[in-house]
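**Student:** Got a file for you: input02.pdb, PDB, C-alpha atoms.
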```
MODEL        1
ATOM      1  CA  MET B   1       4.288   7.981  24.332
ATOM      2  CA  GLY B   2       5.528   6.160  21.306
ATOM      3  CA  GLN B   3       8.821   7.963  21.096
ATOM      4  CA  CYS B   4      10.210   6.114  24.062
ATOM      5  CA  ASN B   5      13.897   5.407  23.939
ATOM      6  CA  CYS B   6      14.128   1.698  23.518
ATOM      7  CA  ARG B   7      16.726   0.393  25.826
ATOM      8  CA  LYS B   8      19.784  -0.782  24.043
ATOM      9  CA  ASN B   9      20.418  -3.292  26.769
ATOM     10  CA  SER B  10      17.387  -5.380  27.512
ATOM     11  CA  PRO B  11      17.484  -7.945  30.305
ATOM     12  CA  LEU B  12      17.963 -10.641  27.700
ATOM     13  CA  THR B  13      20.965  -8.930  26.162
ATOM     14  CA  ARG B  14      22.443  -8.316  29.572
ATOM     15  CA  ALA B  15      21.921 -11.902  30.624
ATOM     16  CA  LEU B  16      23.492 -13.206  27.441
ATOM     17  CA  ARG B  17      26.392 -10.784  27.409
ATOM     18  CA  GLN B  18      27.479 -11.967  30.832
ATOM     19  CA  ASP B  19      29.417 -14.739  29.218
ATOM     20  CA  CYS B  20      30.766 -12.298  26.626
ATOM     21  CA  GLN B  21      28.848 -13.804  23.749
ATOM     22  CA  GLU B  22      27.608 -11.585  20.994
ATOM     23  CA  LEU B  23      24.087 -12.178  19.798
ATOM     24  CA  THR B  24      23.648 -13.189  16.188
ATOM     25  CA  ASP B  25      21.753 -10.891  13.811
ATOM     26  CA  VAL B  26      18.744 -13.194  13.975
ATOM     27  CA  GLU B  27      18.716 -13.043  17.758
ATOM     28  CA  ARG B  28      19.106  -9.268  17.742
ATOM     29  CA  ALA B  29      16.228  -9.089  15.271
ATOM     30  CA  ILE B  30      13.944 -11.172  17.488
ATOM     31  CA  GLU B  31      14.939  -9.065  20.446
ATOM     32  CA  THR B  32      14.146  -5.884  18.525
ATOM     33  CA  VAL B  33      10.667  -7.122  17.620
ATOM     34  CA  ILE B  34      10.033  -7.954  21.299
ATOM     35  CA  ASN B  35      11.440  -4.632  22.513
ATOM     36  CA  GLN B  36       9.267  -2.603  20.179
ATOM     37  CA  PHE B  37       6.187  -4.397  21.457
ATOM     38  CA  HIS B  38       7.173  -3.700  25.058
ATOM     39  CA  CYS B  39       7.977  -0.084  24.221
ATOM     40  CA  TYR B  40       4.511   0.631  22.911
ATOM     41  CA  ALA B  41       2.511  -1.594  25.267
ATOM     42  CA  VAL B  42       2.381   1.066  27.959
ATOM     43  CA  LYS B  43      -1.203   0.845  29.089
ATOM     44  CA  GLY B  44      -1.179  -2.932  29.185
ATOM     45  CA  GLN B  45       2.133  -2.955  31.050
ATOM     46  CA  LYS B  46       3.854  -4.841  28.248
ATOM     47  CA  GLU B  47       1.181  -7.537  28.134
ATOM     48  CA  TYR B  48      -0.832  -6.131  25.230
ATOM     49  CA  LEU B  49      -1.220  -3.187  22.848
ATOM     50  CA  THR B  50      -4.341  -1.057  22.761
ATOM     51  CA  PRO B  51      -5.690  -0.165  19.292
ATOM     52  CA  ASN B  52      -4.158   3.316  19.601
ATOM     53  CA  GLU B  53      -0.797   1.937  20.608
ATOM     54  CA  MET B  54      -0.916  -0.493  17.730
ATOM     55  CA  ARG B  55      -1.675   2.346  15.305
ATOM     56  CA  GLU B  56       1.243   4.387  16.632
ATOM     57  CA  LEU B  57       3.600   1.442  16.341
ATOM     58  CA  VAL B  58       2.644   0.671  12.761
ATOM     59  CA  VAL B  59       2.740   4.315  11.640
ATOM     60  CA  GLN B  60       6.017   5.156  13.361
ATOM     61  CA  LYS B  61       7.935   1.916  13.099
ATOM     62  CA  LEU B  62       6.709   0.399   9.859
ATOM     63  CA  PRO B  63       6.685   3.381   7.476
ATOM     64  CA  HIS B  64       7.666   1.182   4.507
ATOM     65  CA  LEU B  65       6.053  -2.116   5.458
ATOM     66  CA  GLY B  66       2.903  -0.812   7.103
ATOM     67  CA  LYS B  67       0.858  -1.222   3.959
ATOM     68  CA  CYS B  68       1.683  -4.954   3.874
ATOM     69  CA  VAL B  69      -0.050  -5.383   7.203
ATOM     70  CA  GLY B  70      -3.335  -4.516   5.511
ATOM     71  CA  PRO B  71      -5.808  -1.731   6.051
ATOM     72  CA  LEU B  72      -4.965  -0.545   9.542
ATOM     73  CA  GLU B  73      -8.252   1.138  10.446
ATOM     74  CA  GLU B  74     -10.159  -1.953   9.341
ATOM     75  CA  LYS B  75      -7.997  -4.110  11.567
ATOM     76  CA  ILE B  76      -8.571  -1.791  14.493
ATOM     77  CA  GLU B  77     -12.281  -1.852  13.929
ATOM     78  CA  CYS B  78     -12.230  -5.653  13.915
ATOM     79  CA  MET B  79     -10.616  -5.595  17.335
ATOM     80  CA  GLY B  80     -13.866  -4.260  18.763
ATOM     81  CA  ASP B  81     -14.421  -1.691  21.527
ATOM     82  CA  PRO B  82     -11.352   0.612  21.466
ATOM     83  CA  ASP B  83     -11.360   0.837  25.262
ATOM     84  CA  GLU B  84     -11.450  -2.908  25.736
ATOM     85  CA  ALA B  85      -9.554  -4.268  22.744
ATOM     86  CA  LYS B  86      -6.173  -5.860  23.312
ATOM     87  CA  LEU B  87      -3.520  -7.044  20.879
ATOM     88  CA  GLU B  88      -1.394  -9.676  22.558
ATOM     89  CA  PHE B  89       2.143 -10.631  21.619
ATOM     90  CA  GLY B  90       1.118 -13.620  19.499
ATOM     91  CA  GLU B  91      -1.236 -11.507  17.401
ATOM     92  CA  TYR B  92       1.396  -8.802  17.103
ATOM     93  CA  TRP B  93       3.850 -11.443  15.891
ATOM     94  CA  ASP B  94       1.362 -12.603  13.256
ATOM     95  CA  MET B  95       0.992  -9.008  12.129
ATOM     96  CA  MET B  96       4.774  -8.760  11.728
ATOM     97  CA  GLY B  97       4.487 -11.963   9.674
ATOM     98  CA  ASP B  98       2.243 -10.114   7.247
ATOM     99  CA  ALA B  99       4.819  -7.337   7.057
ATOM    100  CA  ALA B 100       7.496  -9.976   6.438
ATOM    101  CA  LYS B 101       5.548 -11.442   3.546
ATOM    102  CA  GLY B 102       5.412  -7.924   2.132
ATOM    103  CA  CYS B 103       9.205  -7.782   2.424
ATOM    104  CA  ARG B 104       9.548 -10.982   0.440
ATOM    105  CA  ARG B 105       7.431  -9.734  -2.407
ATOM    106  CA  LYS B 106       9.666  -6.711  -2.889
TER     107      LYS B 106
ATOM    108  CA  MET W   1      15.017  -1.389   1.643
ATOM    109  CA  ALA W   2      16.747   1.905   2.338
ATOM    110  CA  GLU W   3      16.330   3.958   5.489
ATOM    111  CA  GLY W   4      14.102   1.506   7.255
ATOM    112  CA  THR W   5      13.439   1.653  10.974
ATOM    113  CA  GLU W   6      14.977  -0.710  13.479
ATOM    114  CA  LEU W   7      11.815  -2.813  13.411
ATOM    115  CA  GLU W   8      11.854  -3.004   9.623
ATOM    116  CA  TRP W   9      15.490  -4.028   9.725
ATOM    117  CA  ALA W  10      14.537  -6.804  12.164
ATOM    118  CA  VAL W  11      11.745  -8.111   9.948
ATOM    119  CA  GLN W  12      14.084  -8.040   6.964
ATOM    120  CA  VAL W  13      16.757 -10.013   8.849
ATOM    121  CA  LEU W  14      14.249 -12.742   9.683
ATOM    122  CA  VAL W  15      13.113 -12.868   6.047
ATOM    123  CA  ASN W  16      16.708 -13.061   4.780
ATOM    124  CA  ASN W  17      17.400 -15.818   7.267
ATOM    125  CA  PHE W  18      14.598 -17.905   5.794
ATOM    126  CA  ASP W  19      15.937 -17.326   2.292
ATOM    127  CA  LYS W  20      19.420 -18.310   3.420
ATOM    128  CA  TYR W  21      18.376 -21.763   4.632
ATOM    129  CA  SER W  22      15.501 -22.521   2.330
ATOM    130  CA  SER W  23      15.711 -24.024  -1.109
ATOM    131  CA  ARG W  24      13.406 -24.810  -3.956
ATOM    132  CA  CYS W  25      11.973 -28.240  -4.435
ATOM    133  CA  CYS W  26      12.451 -30.107  -7.701
ATOM    134  CA  CYS W  27       9.682 -28.054  -9.224
ATOM    135  CA  CYS W  28      10.699 -24.400  -9.491
ATOM    136  CA  ARG W  29       7.184 -23.102  -9.288
ATOM    137  CA  LYS W  30       6.733 -24.189  -5.694
ATOM    138  CA  PRO W  31       7.630 -21.664  -3.006
ATOM    139  CA  ARG W  32      10.878 -22.045  -1.116
ATOM    140  CA  ARG W  33      10.954 -24.265   1.958
ATOM    141  CA  ILE W  34      13.451 -25.306   4.618
ATOM    142  CA  SER W  35      14.127 -28.981   5.210
ATOM    143  CA  LYS W  36      14.011 -30.149   8.819
ATOM    144  CA  LYS W  37      17.722 -30.864   8.694
ATOM    145  CA  ASP W  38      18.541 -27.339   7.527
ATOM    146  CA  PHE W  39      16.107 -25.939  10.051
ATOM    147  CA  ARG W  40      18.020 -27.617  12.871
ATOM    148  CA  LYS W  41      21.245 -26.297  11.391
ATOM    149  CA  MET W  42      19.717 -22.832  11.349
ATOM    150  CA  LEU W  43      18.603 -23.109  14.987
ATOM    151  CA  SER W  44      22.041 -24.127  16.190
ATOM    152  CA  ARG W  45      23.876 -21.511  14.116
ATOM    153  CA  GLU W  46      21.577 -18.521  14.367
ATOM    154  CA  LEU W  47      19.785 -19.045  17.655
ATOM    155  CA  ASN W  48      22.446 -20.722  19.727
ATOM    156  CA  HIS W  49      22.277 -18.151  22.541
ATOM    157  CA  MET W  50      18.520 -18.186  22.776
ATOM    158  CA  LEU W  51      18.275 -21.948  22.767
ATOM    159  CA  THR W  52      21.081 -22.661  25.155
ATOM    160  CA  ASP W  53      19.481 -24.935  27.670
ATOM    161  CA  THR W  54      18.168 -28.341  26.759
ATOM    162  CA  GLY W  55      14.644 -27.418  27.820
ATOM    163  CA  ASN W  56      14.476 -24.859  25.065
ATOM    164  CA  LYS W  57      15.985 -27.283  22.583
ATOM    165  CA  ARG W  58      13.398 -29.908  23.411
ATOM    166  CA  ALA W  59      10.650 -27.328  23.054
ATOM    167  CA  ALA W  60      12.050 -26.409  19.649
ATOM    168  CA  ASP W  61      12.032 -30.072  18.584
ATOM    169  CA  LYS W  62       8.419 -30.392  19.596
ATOM    170  CA  LEU W  63       7.579 -27.215  17.720
ATOM    171  CA  ILE W  64       9.222 -28.540  14.570
ATOM    172  CA  CYS W  65       7.171 -31.734  14.778
ATOM    173  CA  ASP W  66       3.935 -29.872  15.403
ATOM    174  CA  LEU W  67       4.633 -27.287  12.787
ATOM    175  CA  ASP W  68       5.101 -29.394   9.770
ATOM    176  CA  GLU W  69       1.373 -29.605   9.354
ATOM    177  CA  ASN W  70       1.319 -31.086   5.894
ATOM    178  CA  LYS W  71       3.961 -33.671   6.908
ATOM    179  CA  ASP W  72       6.109 -33.113   3.874
ATOM    180  CA  GLY W  73       9.206 -32.715   6.035
ATOM    181  CA  ARG W  74       9.768 -29.197   4.784
ATOM    182  CA  ILE W  75       8.974 -25.931   6.475
ATOM    183  CA  SER W  76       7.216 -23.150   4.602
ATOM    184  CA  PHE W  77       7.674 -19.453   5.296
ATOM    185  CA  GLU W  78       4.442 -19.358   7.307
ATOM    186  CA  GLU W  79       5.534 -22.343   9.388
ATOM    187  CA  TYR W  80       8.935 -20.752   9.891
ATOM    188  CA  TRP W  81       7.408 -17.500  11.083
ATOM    189  CA  THR W  82       5.119 -19.293  13.531
ATOM    190  CA  LEU W  83       8.049 -21.281  14.873
ATOM    191  CA  ILE W  84      10.204 -18.222  15.484
ATOM    192  CA  GLY W  85       7.155 -16.679  17.173
ATOM    193  CA  GLY W  86       6.993 -19.748  19.391
ATOM    194  CA  ILE W  87      10.546 -19.007  20.478
ATOM    195  CA  ALA W  88      10.039 -15.235  20.819
ATOM    196  CA  SER W  89       6.862 -15.411  22.851
ATOM    197  CA  PRO W  90       8.307 -17.167  25.939
ATOM    198  CA  ILE W  91      11.339 -14.870  25.764
ATOM    199  CA  ALA W  92       9.054 -11.820  25.816
ATOM    200  CA  HIS W  93       7.345 -13.362  28.832
ATOM    201  CA  ILE W  94      10.653 -13.935  30.636
ATOM    202  CA  ILE W  95      11.728 -10.334  30.002
ATOM    203  CA  ARG W  96       8.465  -9.033  31.496
ATOM    204  CA  GLN W  97       8.839 -11.263  34.534
ATOM    205  CA  GLN W  98      12.424 -10.215  35.082
ATOM    206  CA  GLU W  99      11.492  -6.548  34.915
ATOM    207  CA  GLN W 100       8.634  -7.039  37.328
ATOM    208  CA  SER W 101      10.820  -8.840  39.827
ATOM    209  CA  VAL W 102      13.355  -6.018  39.581
ATOM    210  CA  LYS W 103      10.582  -3.539  40.369
ATOM    211  CA  HIS W 104       9.452  -5.567  43.368
ATOM    212  CA  THR W 105      12.894  -5.894  44.864
ATOM    213  CA  LYS W 106      13.588  -2.160  44.574
TER     214      LYS W 106
ENDMDL
END
```
Let's see the structure in the file written out as structure tokens.

**Tutor:**
Amino acid sequence: MGQCNCRKNSPLTRALRQDCQELTDVERAIETVINQFHCYAVKGQKEYLTPNEMRELVVQKLPHLGKCVGPLEEKIECMGDPDEAKLEFGEYWDMMGDAAKGCRRK
Amino acid sequence: MAEGTELEWAVQVLVNNFDKYSSRCCCCRKPRRISKKDFRKMLSRELNHMLTDTGNKRAADKLICDLDENKDGRISFEEYWTLIGGIASPIAHIIRQQEQSVKHTK
């Protein structure tokens, strides 16, 4: 788990490429953020990340920006029972927002 | 940011996009913001594939209205991030649904 090969051609890309239009960088970026969530959200069938999946994603995919997200273990603890806790897409997006703010400070 | 991952690249693209369309207000000490006019320009230039149908466009308009919480007509980085999340979230949902329907038809 974790090292899954993210599909280069997601349904969105395929749907959009049908009329031969190239996605803009911003669109590709949004798609990448979505794909990474889906890649790691195995147990929740792409609906949510478990605390362990979230940890893997941050460690593997945000090696430079991970620290901007804040103390990871603290965050995981706040999520509550590790077997029950779920991180949904909206919360994941907010977390990426924290990473983005870290980017801006650089 | 050298040697970042795909996800870090994506976050950086979204940050750069904000910087591209935002400007400083008269007072240099205030953080950069995007005017509503420039935000619309950004949506049509950078997200034209994702916001193709009018339904999405209308949703984006509503989001812009709702988002400008302090009613100053300018969008901060936080507001920008939430807005892009508001576009990404339904797309993530559509991708999941499409994949599920593919599974069912197989």

**Student:** Applied to the shown file, which residues does the ChimeraX specification (/B :<12) & /W return, written as an NGL selection string?

**Tutor:** :W and (1-20 or 31-32 or 42-52 or 76-102)

**Student:** Those same residues, written as an mmCIF file, in the frame of the given file with C-alpha atoms?

**Tutor:**
```cif
data_model
loop_
_atom_site.group_PDB
_atom_site.id
_atom_site.type_symbol
_atom_site.label_atom_id
_atom_site.label_comp_id
_atom_site.auth_asym_id
_atom_site.auth_seq_id
_atom_site.Cartn_x
_atom_site.Cartn_y
_atom_site.Cartn_z
ATOM 1 C CA MET W 1 15.017 -1.389 1.643
ATOM 2 C CA ALA W 2 16.747 1.905 2.338
ATOM 3 C CA GLU W 3 16.330 3.958 5.489
ATOM 4 C CA GLY W 4 14.102 1.506 7.255
ATOM 5 C CA THR W 5 13.439 1.653 10.974
ATOM 6 C CA GLU W 6 14.977 -0.710 13.479
ATOM 7 C CA LEU W 7 11.815 -2.813 13.411
ATOM 8 C CA GLU W 8 11.854 -3.004 9.623
ATOM 9 C CA TRP W 9 15.490 -4.028 9.725
ATOM 10 C CA ALA W 10 14.537 -6.804 12.164
ATOM 11 C CA VAL W 11 11.745 -8.111 9.948
ATOM 12 C CA GLN W 12 14.084 -8.040 6.964
ATOM 13 C CA VAL W 13 16.757 -10.013 8.849
ATOM 14 C CA LEU W 14 14.249 -12.742 9.683
ATOM 15 C CA VAL W 15 13.113 -12.868 6.047
ATOM 16 C CA ASN W 16 16.708 -13.061 4.780
ATOM 17 C CA ASN W 17 17.400 -15.818 7.267
ATOM 18 C CA PHE W 18 14.598 -17.905 5.794
ATOM 19 C CA ASP W 19 15.937 -17.326 2.292
ATOM 20 C CA LYS W 20 19.420 -18.310 3.420
ATOM 21 C CA PRO W 31 7.630 -21.664 -3.006
ATOM 22 C CA ARG W 32 10.878 -22.045 -1.116
ATOM 23 C CA MET W 42 19.717 -22.832 11.349
ATOM 24 C CA LEU W 43 18.603 -23.109 14.987
ATOM 25 C CA SER W 44 22.041 -24.127 16.190
ATOM 26 C CA ARG W 45 23.876 -21.511 14.116
ATOM 27 C CA GLU W 46 21.577 -18.521 14.367
ATOM 28 C CA LEU W 47 19.785 -19.045 17.655
ATOM 29 C CA ASN W 48 22.446 -20.722 19.727
ATOM 30 C CA HIS W 49 22.277 -18.151 22.541
ATOM 31 C CA MET W 50 18.520 -18.186 22.776
ATOM 32 C CA LEU W 51 18.275 -21.948 22.767
ATOM 33 C CA THR W 52 21.081 -22.661 25.155
ATOM 34 C CA SER W 76 7.216 -23.150 4.602
ATOM 35 C CA PHE W 77 7.674 -19.453 5.296
ATOM 36 C CA GLU W 78 4.442 -19.358 7.307
ATOM 37 C CA GLU W 79 5.534 -22.343 9.388
ATOM 38 C CA TYR W 80 8.935 -20.752 9.891
ATOM 39 C CA TRP W 81 7.408 -17.500 11.083
ATOM 40 C CA THR W 82 5.119 -19.293 13.531
ATOM 41 C CA LEU W 83 8.049 -21.281 14.873
ATOM 42 C CA ILE W 84 10.204 -18.222 15.484
ATOM 43 C CA GLY W 85 7.155 -16.679 17.173
ATOM 44 C CA GLY W 86 6.993 -19.748 19.391
ATOM 45 C CA ILE W 87 10.546 -19.007 20.478
ATOM 46 C CA ALA W 88 10.039 -15.235 20.819
ATOM 47 C CA SER W 89 6.862 -15.411 22.851
ATOM 48 C CA PRO W 90 8.307 -17.167 25.939
ATOM 49 C CA ILE W 91 11.339 -14.870 25.764
ATOM 50 C CA ALA W 92 9.054 -11.820 25.816
ATOM 51 C CA HIS W 93 7.345 -13.362 28.832
ATOM 52 C CA ILE W 94 10.653 -13.935 30.636
ATOM 53 C CA ILE W 95 11.728 -10.334 30.002
ATOM 54 C CA ARG W 96 8.465 -9.033 31.496
ATOM 55 C CA GLN W 97 8.839 -11.263 34.534
ATOM 56 C CA GLN W 98 12.424 -10.215 35.082
ATOM 57 C CA GLU W 99 11.492 -6.548 34.915
ATOM 58 C CA GLN W 100 8.634 -7.039 37.328
ATOM 59 C CA SER W 101 10.820 -8.840 39.827
ATOM 60 C CA VAL W 102 13.355 -6.018 39.581
#
```

**Student:** Mind giving me the straight-line distance from atom CA of W:Arg29 to atom CA of B:Arg105 in Å, one decimal?

**Tutor:**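 Separating atom CA of W:Arg29 from atom CA of B:Arg105 is a distance of 15.0 Å.
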
**Student:** Evaluated on this file, the PyMOL selection byres ((chain B and resi 76) around 12) picks out some residues - which ones are they, written as a PyMOL selection string?

**Tutor:** chain B and resi 49-56+58+69-75+77-87

**Student:** If you measure from atom CA of W:Tyr21 to atom CA of W:Phe39, what distance in Å do you get, rounded to one decimal?

**Tutor:**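 Separation between atom CA of W:Tyr21 and atom CA of W:Phe39: 7.2 Å.
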
**Student:** Given the file above and the PyMOL selection byres ((chain W and resi 61-67) around 8), which residues are selected, and can you give them as a PyMOL selection string?

**Tutor:** chain W and resi 36+57-60+68-69+75+79+83+86

**Student:** Find the residue from W:Thr105, W:Arg40, W:Asp72, W:Ser35 that sits nearest to W:Ser22; use only C-alpha atoms when measuring.

**Tutor:**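 Checking each of W:Thr105, W:Arg40, W:Asp72, W:Ser35 against W:Ser22, counting only C-alpha atoms, the winner is W:Ser35.
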
**Student:** Report, in Å with one decimal, the straight-line distance from atom CA of W:Lys30 to atom CA of B:Lys67.

**Tutor:**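 One can read the atom CA of W:Lys30 to atom CA of B:Lys67 distance as 25.6 Å.
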